[in-house]
$ cat protein34.pdb   # PDB, C-alpha atoms and all ligand atoms
ATOM      1  CA  MET A   1      -9.007   3.449  -3.213  1.00  0.00           C
ATOM      2  CA  SER A   2     -10.529   0.574  -4.998  1.00  0.00           C
ATOM      3  CA  LYS A   3      -8.860  -2.686  -5.752  1.00  0.00           C
ATOM      4  CA  LEU A   4      -9.929  -4.854  -8.652  1.00  0.00           C
ATOM      5  CA  LYS A   5      -9.715  -8.624  -8.930  1.00  0.00           C
ATOM      6  CA  VAL A   6      -6.701  -9.747 -10.969  1.00  0.00           C
ATOM      7  CA  ARG A   7      -7.533 -12.447 -13.512  1.00  0.00           C
ATOM      8  CA  TYR A   8      -5.160 -15.371 -13.617  1.00  0.00           C
ATOM      9  CA  TYR A   9      -4.098 -17.556 -16.505  1.00  0.00           C
ATOM     10  CA  PRO A  10      -5.899 -19.423 -18.105  1.00  0.00           C
ATOM     11  CA  ASP A  11      -8.862 -17.037 -17.639  1.00  0.00           C
ATOM     12  CA  PRO A  12     -10.264 -16.593 -21.199  1.00  0.00           C
ATOM     13  CA  VAL A  13     -10.541 -12.799 -20.729  1.00  0.00           C
ATOM     14  CA  LEU A  14      -6.727 -12.677 -21.129  1.00  0.00           C
ATOM     15  CA  LYS A  15      -7.102 -13.899 -24.714  1.00  0.00           C
ATOM     16  CA  ALA A  16     -10.203 -11.881 -25.629  1.00  0.00           C
ATOM     17  CA  SER A  17     -10.102  -8.920 -28.000  1.00  0.00           C
ATOM     18  CA  ASN A  18     -10.077  -5.448 -26.449  1.00  0.00           C
ATOM     19  CA  LYS A  19     -12.056  -2.421 -27.618  1.00  0.00           C
ATOM     20  CA  LYS A  20     -10.678   1.023 -28.320  1.00  0.00           C
ATOM     21  CA  ILE A  21     -11.737   3.697 -25.840  1.00  0.00           C
ATOM     22  CA  THR A  22     -13.642   6.546 -27.507  1.00  0.00           C
ATOM     23  CA  MET A  23     -15.303   8.354 -24.574  1.00  0.00           C
ATOM     24  CA  PHE A  24     -12.928  10.042 -22.137  1.00  0.00           C
ATOM     25  CA  ASP A  25     -15.359  10.349 -19.278  1.00  0.00           C
ATOM     26  CA  LYS A  26     -15.449   9.820 -15.533  1.00  0.00           C
ATOM     27  CA  SER A  27     -15.713   6.047 -15.858  1.00  0.00           C
ATOM     28  CA  VAL A  28     -12.421   5.909 -17.791  1.00  0.00           C
ATOM     29  CA  ARG A  29     -10.678   7.975 -15.099  1.00  0.00           C
ATOM     30  CA  LYS A  30     -12.114   5.702 -12.431  1.00  0.00           C
ATOM     31  CA  LEU A  31     -10.907   2.579 -14.249  1.00  0.00           C
ATOM     32  CA  ALA A  32      -7.390   4.065 -14.561  1.00  0.00           C
ATOM     33  CA  GLN A  33      -7.261   4.917 -10.864  1.00  0.00           C
ATOM     34  CA  ASP A  34      -8.585   1.495  -9.855  1.00  0.00           C
ATOM     35  CA  MET A  35      -6.040  -0.209 -12.124  1.00  0.00           C
ATOM     36  CA  LEU A  36      -3.193   1.825 -10.608  1.00  0.00           C
ATOM     37  CA  ASP A  37      -4.379   0.999  -7.077  1.00  0.00           C
ATOM     38  CA  THR A  38      -4.550  -2.682  -8.010  1.00  0.00           C
ATOM     39  CA  MET A  39      -1.100  -2.617  -9.623  1.00  0.00           C
ATOM     40  CA  TYR A  40       0.555  -0.962  -6.591  1.00  0.00           C
ATOM     41  CA  GLU A  41      -1.263  -3.296  -4.223  1.00  0.00           C
ATOM     42  CA  ASN A  42       0.096  -6.324  -6.101  1.00  0.00           C
ATOM     43  CA  ASP A  43       3.664  -4.960  -6.419  1.00  0.00           C
ATOM     44  CA  GLY A  44       3.506  -4.756 -10.206  1.00  0.00           C
ATOM     45  CA  VAL A  45       5.070  -2.146 -12.481  1.00  0.00           C
ATOM     46  CA  GLY A  46       2.352  -2.505 -15.117  1.00  0.00           C
ATOM     47  CA  LEU A  47      -1.211  -3.713 -15.578  1.00  0.00           C
ATOM     48  CA  ALA A  48      -3.492  -3.993 -18.605  1.00  0.00           C
ATOM     49  CA  ALA A  49      -7.299  -3.697 -18.461  1.00  0.00           C
ATOM     50  CA  PRO A  50      -7.972  -7.321 -19.563  1.00  0.00           C
ATOM     51  CA  GLN A  51      -6.006  -8.440 -16.491  1.00  0.00           C
ATOM     52  CA  VAL A  52      -8.824  -7.037 -14.367  1.00  0.00           C
ATOM     53  CA  GLY A  53     -11.517  -8.445 -16.656  1.00  0.00           C
ATOM     54  CA  VAL A  54     -12.120  -5.252 -18.662  1.00  0.00           C
ATOM     55  CA  SER A  55     -11.799  -5.754 -22.430  1.00  0.00           C
ATOM     56  CA  LYS A  56     -10.609  -2.232 -23.256  1.00  0.00           C
ATOM     57  CA  ARG A  57      -7.379  -0.818 -24.679  1.00  0.00           C
ATOM     58  CA  MET A  58      -6.008   0.763 -21.531  1.00  0.00           C
ATOM     59  CA  MET A  59      -2.852  -0.014 -19.580  1.00  0.00           C
ATOM     60  CA  VAL A  60      -0.991   1.573 -16.693  1.00  0.00           C
ATOM     61  CA  ILE A  61       2.746   1.546 -15.960  1.00  0.00           C
ATOM     62  CA  ASP A  62       4.887   2.934 -13.149  1.00  0.00           C
ATOM     63  CA  VAL A  63       8.516   1.883 -13.341  1.00  0.00           C
ATOM     64  CA  ASN A  64       9.096   3.493  -9.930  1.00  0.00           C
ATOM     65  CA  ALA A  65       6.448   1.326  -8.243  1.00  0.00           C
ATOM     66  CA  GLY A  66       7.912  -0.262  -5.146  1.00  0.00           C
ATOM     67  CA  SER A  67      10.994   1.990  -5.195  1.00  0.00           C
ATOM     68  CA  GLU A  68      12.042   3.617  -1.946  1.00  0.00           C
ATOM     69  CA  GLU A  69      14.290   6.246  -3.558  1.00  0.00           C
ATOM     70  CA  HIS A  70      12.030   7.433  -6.358  1.00  0.00           C
ATOM     71  CA  PRO A  71       8.531   8.931  -6.143  1.00  0.00           C
ATOM     72  CA  ARG A  72       5.688   7.217  -7.986  1.00  0.00           C
ATOM     73  CA  ARG A  73       5.422   8.117 -11.641  1.00  0.00           C
ATOM     74  CA  PRO A  74       2.258   6.527 -13.069  1.00  0.00           C
ATOM     75  CA  ILE A  75       1.540   6.672 -16.791  1.00  0.00           C
ATOM     76  CA  VAL A  76      -1.909   5.815 -18.167  1.00  0.00           C
ATOM     77  CA  PHE A  77      -1.821   4.630 -21.784  1.00  0.00           C
ATOM     78  CA  ILE A  78      -5.104   4.635 -23.708  1.00  0.00           C
ATOM     79  CA  ASN A  79      -5.298   3.121 -27.209  1.00  0.00           C
ATOM     80  CA  PRO A  80      -1.489   2.741 -27.513  1.00  0.00           C
ATOM     81  CA  VAL A  81       0.041   2.041 -30.929  1.00  0.00           C
ATOM     82  CA  ILE A  82       3.662   1.153 -31.704  1.00  0.00           C
ATOM     83  CA  LEU A  83       5.035   3.615 -34.267  1.00  0.00           C
ATOM     84  CA  SER A  84       8.428   1.976 -34.566  1.00  0.00           C
ATOM     85  CA  GLN A  85      10.567  -0.635 -32.907  1.00  0.00           C
ATOM     86  CA  GLU A  86      14.115  -1.798 -33.389  1.00  0.00           C
ATOM     87  CA  GLY A  87      16.791  -4.094 -32.026  1.00  0.00           C
ATOM     88  CA  GLU A  88      16.471  -6.856 -29.483  1.00  0.00           C
ATOM     89  CA  MET A  89      16.929  -7.286 -25.743  1.00  0.00           C
ATOM     90  CA  THR A  90      16.297 -10.131 -23.343  1.00  0.00           C
ATOM     91  CA  GLY A  91      15.488  -9.962 -19.643  1.00  0.00           C
ATOM     92  CA  GLN A  92      13.518 -11.604 -16.891  1.00  0.00           C
ATOM     93  CA  GLU A  93       9.758 -10.913 -16.788  1.00  0.00           C
ATOM     94  CA  GLY A  94       6.846 -11.801 -14.603  1.00  0.00           C
ATOM     95  CA  CYS A  95       3.135 -11.126 -14.994  1.00  0.00           C
ATOM     96  CA  LEU A  96       0.470 -10.444 -12.374  1.00  0.00           C
ATOM     97  CA  SER A  97      -1.725 -12.988 -14.158  1.00  0.00           C
ATOM     98  CA  PHE A  98       0.943 -15.685 -13.570  1.00  0.00           C
ATOM     99  CA  PRO A  99       1.852 -15.371  -9.862  1.00  0.00           C
ATOM    100  CA  GLY A 100       5.370 -16.591  -9.107  1.00  0.00           C
ATOM    101  CA  VAL A 101       6.322 -17.305 -12.728  1.00  0.00           C
ATOM    102  CA  TYR A 102       9.482 -15.568 -14.044  1.00  0.00           C
ATOM    103  CA  PHE A 103      11.594 -16.307 -17.085  1.00  0.00           C
ATOM    104  CA  GLU A 104      13.665 -14.666 -19.804  1.00  0.00           C
ATOM    105  CA  VAL A 105      11.669 -12.911 -22.501  1.00  0.00           C
ATOM    106  CA  ARG A 106      12.822 -11.431 -25.804  1.00  0.00           C
ATOM    107  CA  ARG A 107      11.680  -7.904 -26.660  1.00  0.00           C
ATOM    108  CA  ALA A 108      12.543  -5.071 -29.022  1.00  0.00           C
ATOM    109  CA  ARG A 109      15.362  -2.886 -27.656  1.00  0.00           C
ATOM    110  CA  LYS A 110      13.692   0.382 -28.552  1.00  0.00           C
ATOM    111  CA  VAL A 111      10.077   1.383 -29.114  1.00  0.00           C
ATOM    112  CA  VAL A 112       8.280   4.572 -30.044  1.00  0.00           C
ATOM    113  CA  VAL A 113       4.625   4.525 -29.039  1.00  0.00           C
ATOM    114  CA  LYS A 114       1.733   6.937 -29.433  1.00  0.00           C
ATOM    115  CA  TYR A 115      -1.175   6.831 -27.020  1.00  0.00           C
ATOM    116  CA  GLN A 116      -3.918   8.982 -25.549  1.00  0.00           C
ATOM    117  CA  ASN A 117      -4.020  10.271 -21.988  1.00  0.00           C
ATOM    118  CA  LEU A 118      -7.104  10.543 -19.778  1.00  0.00           C
ATOM    119  CA  ASN A 119      -8.159  13.737 -21.572  1.00  0.00           C
ATOM    120  CA  GLY A 120      -8.003  12.050 -24.958  1.00  0.00           C
ATOM    121  CA  GLN A 121      -4.918  14.062 -25.876  1.00  0.00           C
ATOM    122  CA  GLU A 122      -2.458  12.241 -28.152  1.00  0.00           C
ATOM    123  CA  LEU A 123       1.077  11.835 -26.811  1.00  0.00           C
ATOM    124  CA  LYS A 124       4.238  10.070 -27.903  1.00  0.00           C
ATOM    125  CA  ILE A 125       6.782   8.233 -25.781  1.00  0.00           C
ATOM    126  CA  GLU A 126      10.129   6.669 -26.578  1.00  0.00           C
ATOM    127  CA  ALA A 127      11.854   4.027 -24.472  1.00  0.00           C
ATOM    128  CA  GLU A 128      15.119   2.215 -25.046  1.00  0.00           C
ATOM    129  CA  ASN A 129      16.768  -0.697 -23.288  1.00  0.00           C
ATOM    130  CA  ASN A 130      15.064  -0.124 -19.947  1.00  0.00           C
ATOM    131  CA  LEU A 131      12.242  -1.333 -17.755  1.00  0.00           C
ATOM    132  CA  LEU A 132       9.775   1.101 -19.337  1.00  0.00           C
ATOM    133  CA  CYS A 133      10.575  -0.275 -22.799  1.00  0.00           C
ATOM    134  CA  ARG A 134       9.983  -3.831 -21.583  1.00  0.00           C
ATOM    135  CA  ALA A 135       6.801  -2.967 -19.656  1.00  0.00           C
ATOM    136  CA  ILE A 136       5.262  -1.100 -22.608  1.00  0.00           C
ATOM    137  CA  GLN A 137       5.726  -4.127 -24.859  1.00  0.00           C
ATOM    138  CA  HIS A 138       4.464  -6.577 -22.217  1.00  0.00           C
ATOM    139  CA  GLU A 139       1.301  -4.547 -21.540  1.00  0.00           C
ATOM    140  CA  MET A 140       0.622  -3.844 -25.206  1.00  0.00           C
ATOM    141  CA  ASP A 141       0.717  -7.587 -25.822  1.00  0.00           C
ATOM    142  CA  HIS A 142      -2.047  -7.985 -23.208  1.00  0.00           C
ATOM    143  CA  LEU A 143      -4.192  -5.544 -25.210  1.00  0.00           C
ATOM    144  CA  ASP A 144      -3.805  -7.856 -28.209  1.00  0.00           C
ATOM    145  CA  GLY A 145      -4.628 -10.948 -26.159  1.00  0.00           C
ATOM    146  CA  GLU A 146      -0.989 -12.050 -26.261  1.00  0.00           C
ATOM    147  CA  LEU A 147       0.888 -13.372 -23.249  1.00  0.00           C
ATOM    148  CA  PHE A 148       4.568 -13.434 -22.285  1.00  0.00           C
ATOM    149  CA  ILE A 149       4.583 -17.234 -22.298  1.00  0.00           C
ATOM    150  CA  ASP A 150       4.671 -17.005 -26.088  1.00  0.00           C
ATOM    151  CA  LYS A 151       7.833 -14.855 -26.078  1.00  0.00           C
ATOM    152  CA  ALA A 152      10.109 -16.957 -23.848  1.00  0.00           C
ATOM    153  CA  VAL A 153      13.777 -17.147 -24.806  1.00  0.00           C
ATOM    154  CA  SER A 154      13.776 -20.778 -23.618  1.00  0.00           C
ATOM    155  CA  ALA A 155      10.604 -22.871 -23.776  1.00  0.00           C
ATOM    156  CA  ILE A 156      12.193 -25.254 -21.251  1.00  0.00           C
ATOM    157  CA  GLN A 157      12.838 -22.480 -18.719  1.00  0.00           C
ATOM    158  CA  ARG A 158       9.275 -21.223 -19.200  1.00  0.00           C
ATOM    159  CA  ASP A 159       7.746 -24.691 -18.806  1.00  0.00           C
ATOM    160  CA  LEU A 160       9.838 -25.302 -15.686  1.00  0.00           C
ATOM    161  CA  GLU A 161       8.803 -22.031 -14.024  1.00  0.00           C
ATOM    162  CA  MET A 162       5.164 -22.717 -14.963  1.00  0.00           C
ATOM    163  CA  ALA A 163       5.368 -26.283 -13.624  1.00  0.00           C
ATOM    164  CA  LYS A 164       6.812 -25.025 -10.320  1.00  0.00           C
ATOM    165  CA  GLN A 165       3.625 -22.962  -9.876  1.00  0.00           C
ATOM    166  CA  GLY A 166       1.357 -25.853 -10.851  1.00  0.00           C
ATOM    167  CA  LEU A 167       0.693 -24.512 -14.361  1.00  0.00           C
ATOM    168  CA  GLY A 168       1.082 -26.492 -17.573  1.00  0.00           C
ATOM    169  CA  GLU A 169       1.819 -30.134 -18.156  1.00  0.00           C
ATOM    170  CA  GLY A 170       5.556 -30.281 -17.480  1.00  0.00           C
ATOM    171  CA  ASP A 171       7.368 -32.307 -14.846  1.00  0.00           C
ATOM    172  CA  VAL A 172       9.670 -30.191 -12.641  1.00  0.00           C
ATOM    173  CA  ILE A 173      12.500 -32.742 -12.250  1.00  0.00           C
ATOM    174  CA  GLU A 174      12.535 -33.623 -15.916  1.00  0.00           C
ATOM    175  CA  LEU A 175      12.494 -29.961 -16.995  1.00  0.00           C
ATOM    176  CA  GLU A 176      15.288 -29.065 -14.557  1.00  0.00           C
ATOM    177  CA  THR A 177      17.489 -31.711 -16.154  1.00  0.00           C
ATOM    178  CA  GLN A 178      16.653 -30.468 -19.637  1.00  0.00           C
ATOM    179  CA  LEU A 179      17.313 -26.855 -18.636  1.00  0.00           C
ATOM    180  CA  LYS A 180      20.759 -27.713 -17.265  1.00  0.00           C
ATOM    181  CA  GLU A 181      21.625 -29.370 -20.554  1.00  0.00           C
ATOM    182  CA  GLU A 182      20.369 -26.385 -22.493  1.00  0.00           C
ATOM    183  CA  ALA A 183      22.056 -23.868 -20.159  1.00  0.00           C
ATOM    184  CA  GLY A 184      25.400 -25.519 -20.753  1.00  0.00           C
ATOM    185  CA  GLN A 185      25.021 -24.625 -24.392  1.00  0.00           C
ATOM    186  CA  THR A 186      23.027 -21.454 -24.914  1.00  0.00           C
ATOM    187  CA  ILE A 187      21.140 -19.852 -22.083  1.00  0.00           C
ATOM    188  CA  ASN A 188      22.547 -17.137 -19.887  1.00  0.00           C
ATOM    189  CA  ILE A 189      20.095 -16.708 -17.024  1.00  0.00           C
ATOM    190  CA  SER A 190      19.929 -13.098 -15.934  1.00  0.00           C
ATOM    191  CA  LYS A 191      20.247 -12.283 -12.271  1.00  0.00           C
ATOM    192  CA  SER A 192      18.753  -8.846 -12.648  1.00  0.00           C
ATOM    193  CA  LYS A 193      15.642  -7.730 -10.817  1.00  0.00           C
ATOM    194  CA  SER A 194      12.477  -9.116 -12.351  1.00  0.00           C
ATOM    195  CA  MET A 195       9.709  -7.086 -13.783  1.00  0.00           C
ATOM    196  CA  VAL A 196       6.166  -8.025 -12.836  1.00  0.00           C
ATOM    197  CA  SER A 197       3.343  -6.564 -14.864  1.00  0.00           C
TER     198      SER A 197
HETATM  199 NI    NI B   1       1.295  -9.246 -17.658  1.00  0.00          NI
END
$ encode --input "protein34.pdb" --output "structure tokens"
Amino acid sequence: MSKLKVRYYPDPVLKASNKKITMFDKSVRKLAQDMLDTMYENDGVGLAAPQVGVSKRMMVIDVNAGSEEHPRRPIVFINPVILSQEGEMTGQEGCLSFPGVYFEVRRARKVVVKYQNLNGQELKIEAENNLLCRAIQHEMDHLDGELFIDKAVSAIQRDLEMAKQGLGEGDVIELETQLKEEAGQTINISKSKSMVS
């Protein structure tokens, strides 16, 4: 078991471009295993290679991570591509590169994705209105150097949660007041379990 160092925002590696994987050798299998170990260790349900400082198009997801009732079900996605997406859903998200920061994020409601497994074999997966659907989109964004802070339903809620963790420029008291005003009008804060990936 080997744990990798998680890179935190604003580490520039999170915004770097990531290379396609073309050789499906031992080193790729080792990276996948190390990423899974690191994800489980940090109580995440997903992790993308740039989050451990590796600029490659690989991500791992296990929506059963941390569950007591369900056995682990890791999926390794190599070179994933979205074939189609439709609809819209919102829900609370976190990110291992932003410890302690959670807010509502807007995503597509359904995605169909093709990817390669550790043998280089091409597979297809479909996910709709569930944690897997959300995690796939969150991790694929990482592979494009995109972060969930750019998909917040409410910029005020995002800035507040960032400020609480000492990130960004915002003032906690001021943002709390603004959020209350906004909440009265539009925002419906979800109480569902957060996803961290
Ligand atoms: Ni993330």
$ residues_around --input "protein34.pdb" --residues "segment 116-130 of chain A" --least-positions-apart "5" --cutoff "12 Å" --atoms "only C-alpha atoms" --output "PyMOL selection string"
chain A and resi 20-33+57-60+63+74-92+106-111+135-137+192-193+195
$ write_last_selection --input "protein34.pdb" --atoms "C-alpha atoms" --output "compact mmCIF listing (two decimals), in the frame of the given file"
# COMPACT_ATOMS: atom_id res chain seq x y z
CA LYS A 20 -10.68 1.02 -28.32
CA ILE A 21 -11.74 3.70 -25.84
CA THR A 22 -13.64 6.55 -27.51
CA MET A 23 -15.30 8.35 -24.57
CA PHE A 24 -12.93 10.04 -22.14
CA ASP A 25 -15.36 10.35 -19.28
CA LYS A 26 -15.45 9.82 -15.53
CA SER A 27 -15.71 6.05 -15.86
CA VAL A 28 -12.42 5.91 -17.79
CA ARG A 29 -10.68 7.98 -15.10
CA LYS A 30 -12.11 5.70 -12.43
CA LEU A 31 -10.91 2.58 -14.25
CA ALA A 32 -7.39 4.07 -14.56
CA GLN A 33 -7.26 4.92 -10.86
CA ARG A 57 -7.38 -0.82 -24.68
CA MET A 58 -6.01 0.76 -21.53
CA MET A 59 -2.85 -0.01 -19.58
CA VAL A 60 -0.99 1.57 -16.69
CA VAL A 63 8.52 1.88 -13.34
CA PRO A 74 2.26 6.53 -13.07
CA ILE A 75 1.54 6.67 -16.79
CA VAL A 76 -1.91 5.82 -18.17
CA PHE A 77 -1.82 4.63 -21.78
CA ILE A 78 -5.10 4.64 -23.71
CA ASN A 79 -5.30 3.12 -27.21
CA PRO A 80 -1.49 2.74 -27.51
CA VAL A 81 0.04 2.04 -30.93
CA ILE A 82 3.66 1.15 -31.70
CA LEU A 83 5.04 3.62 -34.27
CA SER A 84 8.43 1.98 -34.57
CA GLN A 85 10.57 -0.64 -32.91
CA GLU A 86 14.12 -1.80 -33.39
CA GLY A 87 16.79 -4.09 -32.03
CA GLU A 88 16.47 -6.86 -29.48
CA MET A 89 16.93 -7.29 -25.74
CA THR A 90 16.30 -10.13 -23.34
CA GLY A 91 15.49 -9.96 -19.64
CA GLN A 92 13.52 -11.60 -16.89
CA ARG A 106 12.82 -11.43 -25.80
CA ARG A 107 11.68 -7.90 -26.66
CA ALA A 108 12.54 -5.07 -29.02
CA ARG A 109 15.36 -2.89 -27.66
CA LYS A 110 13.69 0.38 -28.55
CA VAL A 111 10.08 1.38 -29.11
CA ALA A 135 6.80 -2.97 -19.66
CA ILE A 136 5.26 -1.10 -22.61
CA GLN A 137 5.73 -4.13 -24.86
CA SER A 192 18.75 -8.85 -12.65
CA LYS A 193 15.64 -7.73 -10.82
CA MET A 195 9.71 -7.09 -13.78
$ residues_near_ligand --input "protein34.pdb" --ligand "ligand NI 1 (chain B)" --cutoff "6 Å" --atoms "all atoms listed in the file" --output "PyMOL selection string"
chain A and resi 95-97+197
$ atom_distance --input "protein34.pdb" --atom1 "atom CA of Arg7 of chain A" --atom2 "atom CA of Arg73 of chain A"
24.4 Å
$ residues_around --input "protein34.pdb" --residues "Asp171 of chain A" --least-positions-apart "5" --cutoff "9 Å" --atoms "all atoms listed in the file" --output "list in words"
Asp159, Leu160, Ala163, Lys164 and Glu176 of chain A
$ closest_residue --input "protein34.pdb" --among "A:Val45, A:Met140, A:Ala152, A:Ala183" --to "Lys114 of chain A" --atoms "all atoms listed in the file"
A:Met140
$ residues_around --input "protein34.pdb" --residues "Phe98 of chain A" --least-positions-apart "6" --cutoff "10 Å" --atoms "all atoms listed in the file" --output "list in words"
Arg7, Tyr8, Tyr9, Pro10, Leu147, Phe148, Ile149, Met162, Gln165, Leu167, Val196 and Ser197 of chain A
$ atom_distance --input "protein34.pdb" --atom1 "atom CA of Arg134 of chain A" --atom2 "atom CA of Asp43 of chain A"
16.5 Å
$ atom_distance --input "protein34.pdb" --atom1 "atom CA of Phe103 of chain A" --atom2 "atom CA of Ser17 of chain A"
25.4 Å
$ closest_residue --input "protein34.pdb" --among "A:Gly170, A:Asp144, A:Glu161, A:Ser154" --to "Gln185 of chain A" --atoms "all atoms listed in the file"
A:Ser154
$ closest_residue --input "protein34.pdb" --among "A:Val113, A:Val105, A:Ile156, A:Ile61" --to "Ala49 of chain A" --atoms "all atoms listed in the file"
A:Ile61
$ decode --input "protein34.pdb" --residues "segment 88-104 of chain A" --atoms "N, CA and C atoms" --output "mmCIF file, in the first residue's frame"
data_model
loop_
_atom_site.group_PDB
_atom_site.id
_atom_site.type_symbol
_atom_site.label_atom_id
_atom_site.label_comp_id
_atom_site.auth_asym_id
_atom_site.auth_seq_id
_atom_site.Cartn_x
_atom_site.Cartn_y
_atom_site.Cartn_z
ATOM 1 N N GLU A 88 -29.916 18.452 -15.941
ATOM 2 C CA GLU A 88 -29.192 19.233 -14.944
ATOM 3 C C GLU A 88 -29.542 18.711 -13.560
ATOM 4 N N MET A 89 -28.556 18.699 -12.676
ATOM 5 C CA MET A 89 -28.825 18.374 -11.268
ATOM 6 C C MET A 89 -27.885 19.215 -10.415
ATOM 7 N N THR A 90 -28.317 19.496 -9.198
ATOM 8 C CA THR A 90 -27.434 20.217 -8.281
ATOM 9 C C THR A 90 -27.292 19.394 -7.006
ATOM 10 N N GLY A 91 -26.142 19.506 -6.366
ATOM 11 C CA GLY A 91 -25.901 18.778 -5.126
ATOM 12 C C GLY A 91 -24.595 19.238 -4.518
ATOM 13 N N GLN A 92 -24.435 18.899 -3.241
ATOM 14 C CA GLN A 92 -23.254 19.338 -2.512
ATOM 15 C C GLN A 92 -22.011 18.538 -2.949
ATOM 16 N N GLU A 93 -20.897 19.232 -3.152
ATOM 17 C CA GLU A 93 -19.640 18.565 -3.498
ATOM 18 C C GLU A 93 -18.499 19.074 -2.639
ATOM 19 N N GLY A 94 -17.534 18.193 -2.447
ATOM 20 C CA GLY A 94 -16.267 18.587 -1.865
ATOM 21 C C GLY A 94 -15.173 18.106 -2.793
ATOM 22 N N CYS A 95 -13.930 18.398 -2.448
ATOM 23 C CA CYS A 95 -12.802 17.998 -3.288
ATOM 24 C C CYS A 95 -11.600 17.787 -2.381
ATOM 25 N N LEU A 96 -10.887 16.679 -2.590
ATOM 26 C CA LEU A 96 -9.736 16.402 -1.713
ATOM 27 C C LEU A 96 -8.664 17.482 -1.813
ATOM 28 N N SER A 97 -8.691 18.265 -2.873
ATOM 29 C CA SER A 97 -7.715 19.348 -3.017
ATOM 30 C C SER A 97 -8.164 20.640 -2.325
ATOM 31 N N PHE A 98 -9.382 20.596 -1.740
ATOM 32 C CA PHE A 98 -9.924 21.747 -0.991
ATOM 33 C C PHE A 98 -10.476 21.228 0.342
ATOM 34 N N PRO A 99 -9.591 20.836 1.282
ATOM 35 C CA PRO A 99 -10.077 20.211 2.515
ATOM 36 C C PRO A 99 -11.088 21.093 3.254
ATOM 37 N N GLY A 100 -12.224 20.480 3.600
ATOM 38 C CA GLY A 100 -13.224 21.183 4.406
ATOM 39 C C GLY A 100 -14.149 22.096 3.641
ATOM 40 N N VAL A 101 -13.987 22.194 2.320
ATOM 41 C CA VAL A 101 -14.827 23.110 1.533
ATOM 42 C C VAL A 101 -15.934 22.316 0.815
ATOM 43 N N TYR A 102 -17.188 22.668 1.096
ATOM 44 C CA TYR A 102 -18.346 22.000 0.477
ATOM 45 C C TYR A 102 -19.352 23.046 0.048
ATOM 46 N N PHE A 103 -19.869 22.887 -1.152
ATOM 47 C CA PHE A 103 -20.955 23.779 -1.592
ATOM 48 C C PHE A 103 -21.715 23.116 -2.733
ATOM 49 N N GLU A 104 -22.837 23.735 -3.095
ATOM 50 C CA GLU A 104 -23.694 23.212 -4.151
ATOM 51 C C GLU A 104 -23.077 23.433 -5.526
#
